[in-house]
>>> print(open('target_31.tsv').read())   # TSV, C-alpha atoms
chain	number	residue	atom	x	y	z
A	1	MET	CA	57.09	256.29	-76.49
A	2	SER	CA	55.72	257.77	-73.28
A	3	ASP	CA	54.98	255.85	-70.12
A	4	LYS	CA	51.42	257.16	-69.93
A	5	TYR	CA	49.22	254.52	-68.29
A	6	GLU	CA	45.70	253.87	-69.50
A	7	PRO	CA	43.02	251.31	-68.67
A	8	LEU	CA	42.57	248.27	-70.87
A	9	LEU	CA	39.85	245.63	-70.63
A	10	LEU	CA	41.34	242.28	-71.59
A	11	SER	CA	38.22	241.13	-73.41
A	12	MET	CA	39.88	239.34	-76.30
A	13	PRO	CA	41.75	236.05	-75.71
A	14	ALA	CA	44.93	237.43	-77.33
A	15	ALA	CA	44.90	240.49	-75.04
A	16	LEU	CA	44.32	238.33	-71.97
A	17	GLU	CA	47.25	236.09	-72.85
A	18	ALA	CA	49.50	239.05	-73.72
A	19	PHE	CA	48.86	240.91	-70.47
A	20	TRP	CA	48.16	238.09	-67.99
A	21	PRO	CA	51.88	237.45	-67.32
A	22	LEU	CA	52.22	241.12	-66.30
A	23	ALA	CA	49.02	241.23	-64.24
A	24	ALA	CA	49.53	237.87	-62.53
A	25	PRO	CA	52.30	238.91	-60.08
A	26	LEU	CA	50.23	241.93	-58.97
A	27	LEU	CA	47.16	239.78	-58.44
A	28	GLU	CA	49.17	237.03	-56.71
A	29	ARG	CA	50.52	239.51	-54.14
A	30	ALA	CA	46.98	240.75	-53.48
A	31	ILE	CA	45.69	237.19	-53.16
A	32	LYS	CA	48.39	236.33	-50.61
A	33	LYS	CA	47.59	239.46	-48.62
A	34	ALA	CA	43.81	239.69	-48.81
A	35	VAL	CA	42.21	236.41	-49.87
A	36	ASN	CA	41.26	233.88	-47.22
A	37	GLY	CA	41.20	230.68	-49.24
A	38	GLU	CA	38.34	231.54	-51.60
A	39	PHE	CA	40.36	231.28	-54.83
A	40	THR	CA	43.82	231.11	-56.36
A	41	LEU	CA	45.47	232.91	-59.25
A	42	GLU	CA	44.89	229.82	-61.41
A	43	HIS	CA	41.16	229.97	-60.64
A	44	LEU	CA	41.03	233.60	-61.78
A	45	HIS	CA	42.83	232.81	-65.02
A	46	THR	CA	40.51	229.89	-65.76
A	47	GLN	CA	37.45	232.06	-65.06
A	48	ALA	CA	38.82	234.86	-67.24
A	49	VAL	CA	39.46	232.51	-70.16
A	50	ALA	CA	35.90	231.17	-69.75
A	51	GLY	CA	34.46	234.71	-69.72
A	52	LYS	CA	33.11	234.41	-66.16
A	53	VAL	CA	35.22	237.32	-64.90
A	54	SER	CA	36.75	240.33	-66.64
A	55	VAL	CA	40.28	241.61	-66.20
A	56	PHE	CA	41.25	245.27	-66.41
A	57	VAL	CA	44.83	246.51	-66.37
A	58	MET	CA	46.47	249.91	-66.22
A	59	THR	CA	49.16	249.63	-68.87
A	60	ASN	CA	51.66	251.75	-70.75
A	61	ASP	CA	50.85	249.81	-73.94
A	62	LYS	CA	47.10	249.96	-74.52
A	63	ALA	CA	47.59	249.38	-78.25
A	64	GLY	CA	49.91	246.40	-77.74
A	65	VAL	CA	52.64	247.84	-79.96
A	66	ARG	CA	55.59	247.97	-77.57
A	67	PRO	CA	58.13	245.18	-77.44
A	68	VAL	CA	57.12	242.74	-74.69
A	69	GLU	CA	60.06	243.74	-72.49
A	70	GLU	CA	58.84	247.39	-72.50
A	71	ARG	CA	55.18	246.58	-71.79
A	72	LYS	CA	54.19	247.32	-68.18
A	73	VAL	CA	51.16	246.92	-65.95
A	74	LYS	CA	50.88	248.95	-62.73
A	75	LEU	CA	47.43	247.89	-61.56
A	76	ALA	CA	45.24	244.88	-62.30
A	77	MET	CA	41.61	244.32	-61.35
A	78	VAL	CA	39.36	241.30	-61.75
A	79	VAL	CA	35.59	241.91	-61.71
A	80	GLU	CA	32.46	239.83	-62.07
A	81	VAL	CA	28.86	240.76	-62.79
A	82	ILE	CA	26.40	239.70	-60.14
A	83	ASN	CA	22.78	239.90	-61.24
A	84	TYR	CA	20.90	240.28	-57.99
A	85	PRO	CA	17.16	240.12	-58.75
A	86	THR	CA	16.72	243.90	-58.57
A	87	LEU	CA	20.28	245.26	-58.63
A	88	PRO	CA	22.91	244.41	-61.27
A	89	VAL	CA	26.29	244.82	-59.57
A	90	LEU	CA	29.91	244.78	-60.67
A	91	ASN	CA	31.82	242.99	-57.92
A	92	ILE	CA	35.53	243.71	-57.61
A	93	VAL	CA	36.95	240.25	-56.99
A	94	ILE	CA	40.58	241.34	-56.51
A	95	LEU	CA	42.69	244.41	-57.12
A	96	GLY	CA	46.48	244.41	-57.11
A	97	GLY	CA	49.34	246.72	-57.94
A	98	SER	CA	50.08	250.37	-57.29
A	99	GLY	CA	48.69	253.78	-58.13
A	100	LEU	CA	45.07	253.10	-57.14
A	101	ARG	CA	44.32	256.64	-55.98
A	102	GLN	CA	45.94	258.23	-59.05
A	103	PHE	CA	44.11	255.97	-61.47
A	104	TRP	CA	40.85	256.35	-59.56
A	105	LYS	CA	41.08	260.14	-59.93
A	106	GLN	CA	41.93	259.86	-63.64
A	107	PHE	CA	39.60	257.10	-64.77
A	108	TRP	CA	36.81	256.40	-62.25
A	109	GLY	CA	34.34	258.52	-64.23
A	110	THR	CA	35.10	256.62	-67.42
A	111	PHE	CA	34.99	253.23	-65.67
A	112	SER	CA	31.74	253.90	-63.81
A	113	GLY	CA	30.18	255.35	-66.98
A	114	TRP	CA	31.15	252.20	-68.90
A	115	ALA	CA	29.65	250.05	-66.14
A	116	TYR	CA	26.41	252.07	-66.08
A	117	MET	CA	26.04	251.91	-69.87
A	118	ASN	CA	26.39	248.12	-69.55
A	119	GLY	CA	23.48	247.88	-67.12
A	120	ILE	CA	25.42	247.94	-63.84
A	121	ARG	CA	23.85	249.96	-61.05
A	122	ALA	CA	26.41	249.52	-58.26
A	123	VAL	CA	30.05	248.54	-57.78
A	124	GLU	CA	30.95	246.50	-54.73
A	125	GLY	CA	33.72	244.42	-53.23
A	126	TRP	CA	34.59	242.48	-50.09
A	127	VAL	CA	37.40	244.40	-48.42
A	128	SER	CA	39.69	244.22	-45.42
A	129	PRO	CA	39.44	246.97	-42.78
A	130	SER	CA	42.48	248.74	-44.27
A	131	MET	CA	41.00	248.64	-47.78
A	132	GLN	CA	37.69	249.84	-46.33
A	133	ARG	CA	39.46	253.01	-45.20
A	134	VAL	CA	40.92	253.51	-48.69
A	135	THR	CA	37.66	252.85	-50.54
A	136	SER	CA	35.61	254.97	-48.11
A	137	SER	CA	37.63	257.99	-49.23
A	138	MET	CA	36.59	257.12	-52.80
A	139	GLY	CA	32.87	257.20	-52.07
A	140	PHE	CA	32.25	253.53	-51.23
A	141	SER	CA	30.23	252.87	-48.09
A	142	PRO	CA	29.69	249.75	-45.96
A	143	VAL	CA	26.53	247.79	-46.76
A	144	TYR	CA	26.99	244.54	-44.82
A	145	THR	CA	29.48	243.00	-42.43
A	146	LYS	CA	30.60	239.60	-43.69
A	147	MET	CA	30.93	236.93	-41.02
A	148	ARG	CA	32.37	233.44	-41.42
A	149	PHE	CA	32.24	230.26	-39.36
A	150	ALA	CA	34.92	227.78	-40.41
A	151	LEU	CA	33.88	224.13	-40.46
A	152	THR	CA	36.76	221.85	-39.66
A	153	GLU	CA	37.16	218.12	-39.17
A	154	SER	CA	38.16	218.63	-35.54
A	155	GLY	CA	35.03	220.64	-34.85
A	156	ASN	CA	34.70	224.18	-33.63
A	157	GLU	CA	35.06	224.74	-29.93
>>> encode(input="target_31.tsv", output="structure tokens")
Amino acid sequence: MSDKYEPLLLSMPAALEAFWPLAAPLLERAIKKAVNGEFTLEHLHTQAVAGKVSVFVMTNDKAGVRPVEERKVKLAMVVEVINYPTLPVLNIVILGGSGLRQFWKQFWGTFSGWAYMNGIRAVEGWVSPSMQRVTSSMGFSPVYTKMRFALTESGNE
């Protein structure tokens, strides 16, 4: 069998459970690096099981026929639909793994076509400055600057 990687939407419970153990370490590393307390890996899994978010993986076993020890995931992405009143958006919640540029070149047209056919009219994500540089080269552009004021028991001085 070849090690050709292809995208797979983990839309069925069996697929989610089969691939989650492979996607989880990739997502956990991204959470540790890029998330600022908004959610944990366990939150994402709970939301995925409940159908509130969708999980995509780039895998060498799209059909699920390889022995578990040969099944690999290089990239994992969790997305959610946000239905703004006049703009349905697919928000990229978290992205982890390797090969983003390669997979973007190979599959962005397919992914964005799928999203459009499902009523989505924009893809967005909150990103760090370094990820902004990466995504800018892929055609994403800044829309807002997100600001945060932390409320603490000791007060903010």
>>> closest_residue(input="target_31.tsv", among="A:His45, A:Lys32, A:Arg133, A:Lys52", to="Asn91 (chain A)", atoms="only C-alpha atoms")
A:Lys52
>>> residues_near_point(input="target_31.tsv", point="(39.6, 241.5, -63.7)", cutoff="6 Å", atoms="all atoms listed in the file", output="ChimeraX atom specification")
/A:54-56,77-79
>>> atom_distance(input="target_31.tsv", atom1="CA of Leu26 (chain A)", atom2="CA of Trp126 (chain A)")
18.0 Å
>>> closest_residue(input="target_31.tsv", among="A:Leu100, A:Arg71, A:Phe19, A:Gly113", to="Val134 (chain A)", atoms="all atoms listed in the file")
A:Leu100
>>> atom_distance(input="target_31.tsv", atom1="CA of Ile31 (chain A)", atom2="CA of Ile94 (chain A)")
7.4 Å
>>> atom_distance(input="target_31.tsv", atom1="CA of Glu38 (chain A)", atom2="CA of Asn83 (chain A)")
20.1 Å
>>> closest_residue(input="target_31.tsv", among="A:Leu90, A:Ala50, A:Ala18, A:Ala24", to="Arg66 (chain A)", atoms="only C-alpha atoms")
A:Ala18
>>> residues_around(input="target_31.tsv", residues="Lys33 (chain A)", least_positions_apart="6", cutoff="10 Å", atoms="all atoms listed in the file", output="PyMOL selection string")
chain A and resi 27+96+128
>>> closest_residue(input="target_31.tsv", among="A:Gly97, A:Gly51, A:Pro88, A:Pro21", to="Gly119 (chain A)", atoms="only C-alpha atoms")
A:Pro88
>>> decode(input="target_31.tsv", residues="region 12-46 of chain A", atoms="N, CA and C atoms", output="CSV table (one decimal), in the first residue's frame")
chain,number,residue,atom,x,y,z
A,12,MET,N,-18.6,10.1,10.7
A,12,MET,CA,-19.3,9.0,11.4
A,12,MET,C,-18.6,8.7,12.7
A,13,PRO,N,-19.4,8.3,13.7
A,13,PRO,CA,-18.8,8.1,15.0
A,13,PRO,C,-17.7,7.0,15.0
A,14,ALA,N,-17.8,6.0,14.2
A,14,ALA,CA,-16.8,5.0,14.1
A,14,ALA,C,-15.5,5.6,13.5
A,15,ALA,N,-15.6,6.5,12.5
A,15,ALA,CA,-14.4,7.1,11.9
A,15,ALA,C,-13.8,8.0,12.9
A,16,LEU,N,-14.6,8.8,13.7
A,16,LEU,CA,-14.0,9.7,14.7
A,16,LEU,C,-13.2,8.9,15.7
A,17,GLU,N,-13.8,7.8,16.2
A,17,GLU,CA,-13.1,7.0,17.2
A,17,GLU,C,-11.9,6.3,16.7
A,18,ALA,N,-11.9,5.9,15.4
A,18,ALA,CA,-10.8,5.2,14.8
A,18,ALA,C,-9.6,6.2,14.6
A,19,PHE,N,-9.9,7.4,14.2
A,19,PHE,CA,-8.8,8.4,13.9
A,19,PHE,C,-8.5,9.4,15.0
A,20,TRP,N,-9.4,9.5,16.0
A,20,TRP,CA,-9.1,10.5,17.0
A,20,TRP,C,-7.8,10.2,17.7
A,21,PRO,N,-7.4,9.0,18.1
A,21,PRO,CA,-6.1,8.8,18.7
A,21,PRO,C,-4.9,9.2,17.9
A,22,LEU,N,-5.1,9.2,16.6
A,22,LEU,CA,-4.0,9.7,15.8
A,22,LEU,C,-4.0,11.2,15.6
A,23,ALA,N,-5.1,11.8,15.6
A,23,ALA,CA,-5.3,13.2,15.4
A,23,ALA,C,-5.0,14.0,16.8
A,24,ALA,N,-5.3,13.4,17.9
A,24,ALA,CA,-5.2,14.0,19.2
A,24,ALA,C,-3.8,14.6,19.5
A,25,PRO,N,-2.7,13.8,19.3
A,25,PRO,CA,-1.4,14.4,19.6
A,25,PRO,C,-1.1,15.6,18.8
A,26,LEU,N,-1.5,15.6,17.5
A,26,LEU,CA,-1.3,16.8,16.7
A,26,LEU,C,-2.0,18.0,17.2
A,27,LEU,N,-3.3,17.8,17.5
A,27,LEU,CA,-4.1,18.8,18.0
A,27,LEU,C,-3.6,19.3,19.4
A,28,GLU,N,-3.2,18.4,20.2
A,28,GLU,CA,-2.7,18.8,21.6
A,28,GLU,C,-1.5,19.7,21.5
A,29,ARG,N,-0.6,19.4,20.6
A,29,ARG,CA,0.6,20.2,20.4
A,29,ARG,C,0.2,21.6,19.9
A,30,ALA,N,-0.8,21.7,19.0
A,30,ALA,CA,-1.2,23.0,18.5
A,30,ALA,C,-2.0,23.7,19.6
A,31,ILE,N,-2.7,23.0,20.5
A,31,ILE,CA,-3.4,23.7,21.6
A,31,ILE,C,-2.4,24.3,22.6
A,32,LYS,N,-1.3,23.5,22.9
A,32,LYS,CA,-0.3,24.0,23.8
A,32,LYS,C,0.4,25.2,23.2
A,33,LYS,N,0.6,25.3,21.9
A,33,LYS,CA,1.3,26.4,21.3
A,33,LYS,C,0.5,27.6,21.0
A,34,ALA,N,-0.8,27.4,20.6
A,34,ALA,CA,-1.6,28.5,20.1
A,34,ALA,C,-2.8,28.9,20.8
A,35,VAL,N,-3.3,28.0,21.7
A,35,VAL,CA,-4.6,28.3,22.4
A,35,VAL,C,-4.3,29.0,23.7
A,36,ASN,N,-5.1,30.0,24.1
A,36,ASN,CA,-4.8,30.8,25.3
A,36,ASN,C,-5.9,30.5,26.3
A,37,GLY,N,-6.2,29.3,26.6
A,37,GLY,CA,-7.2,28.9,27.6
A,37,GLY,C,-8.6,28.8,27.2
A,38,GLU,N,-8.9,28.9,25.9
A,38,GLU,CA,-10.3,28.9,25.4
A,38,GLU,C,-10.8,27.5,25.5
A,39,PHE,N,-10.0,26.4,25.2
A,39,PHE,CA,-10.5,25.1,25.2
A,39,PHE,C,-9.4,24.1,25.4
A,40,THR,N,-9.8,22.8,25.7
A,40,THR,CA,-8.8,21.7,25.8
A,40,THR,C,-9.1,20.7,24.7
A,41,LEU,N,-8.2,19.7,24.6
A,41,LEU,CA,-8.4,18.6,23.7
A,41,LEU,C,-9.7,17.9,24.0
A,42,GLU,N,-10.0,17.7,25.3
A,42,GLU,CA,-11.2,17.0,25.8
A,42,GLU,C,-12.4,17.7,25.3
A,43,HIS,N,-12.4,19.1,25.4
A,43,HIS,CA,-13.5,19.8,24.9
A,43,HIS,C,-13.8,19.6,23.4
A,44,LEU,N,-12.7,19.6,22.6
A,44,LEU,CA,-12.9,19.3,21.2
A,44,LEU,C,-13.5,18.0,20.9
A,45,HIS,N,-13.0,17.0,21.6
A,45,HIS,CA,-13.5,15.6,21.4
A,45,HIS,C,-15.0,15.6,21.8
A,46,THR,N,-15.4,16.1,22.9
A,46,THR,CA,-16.8,16.2,23.3
A,46,THR,C,-17.6,16.9,22.3
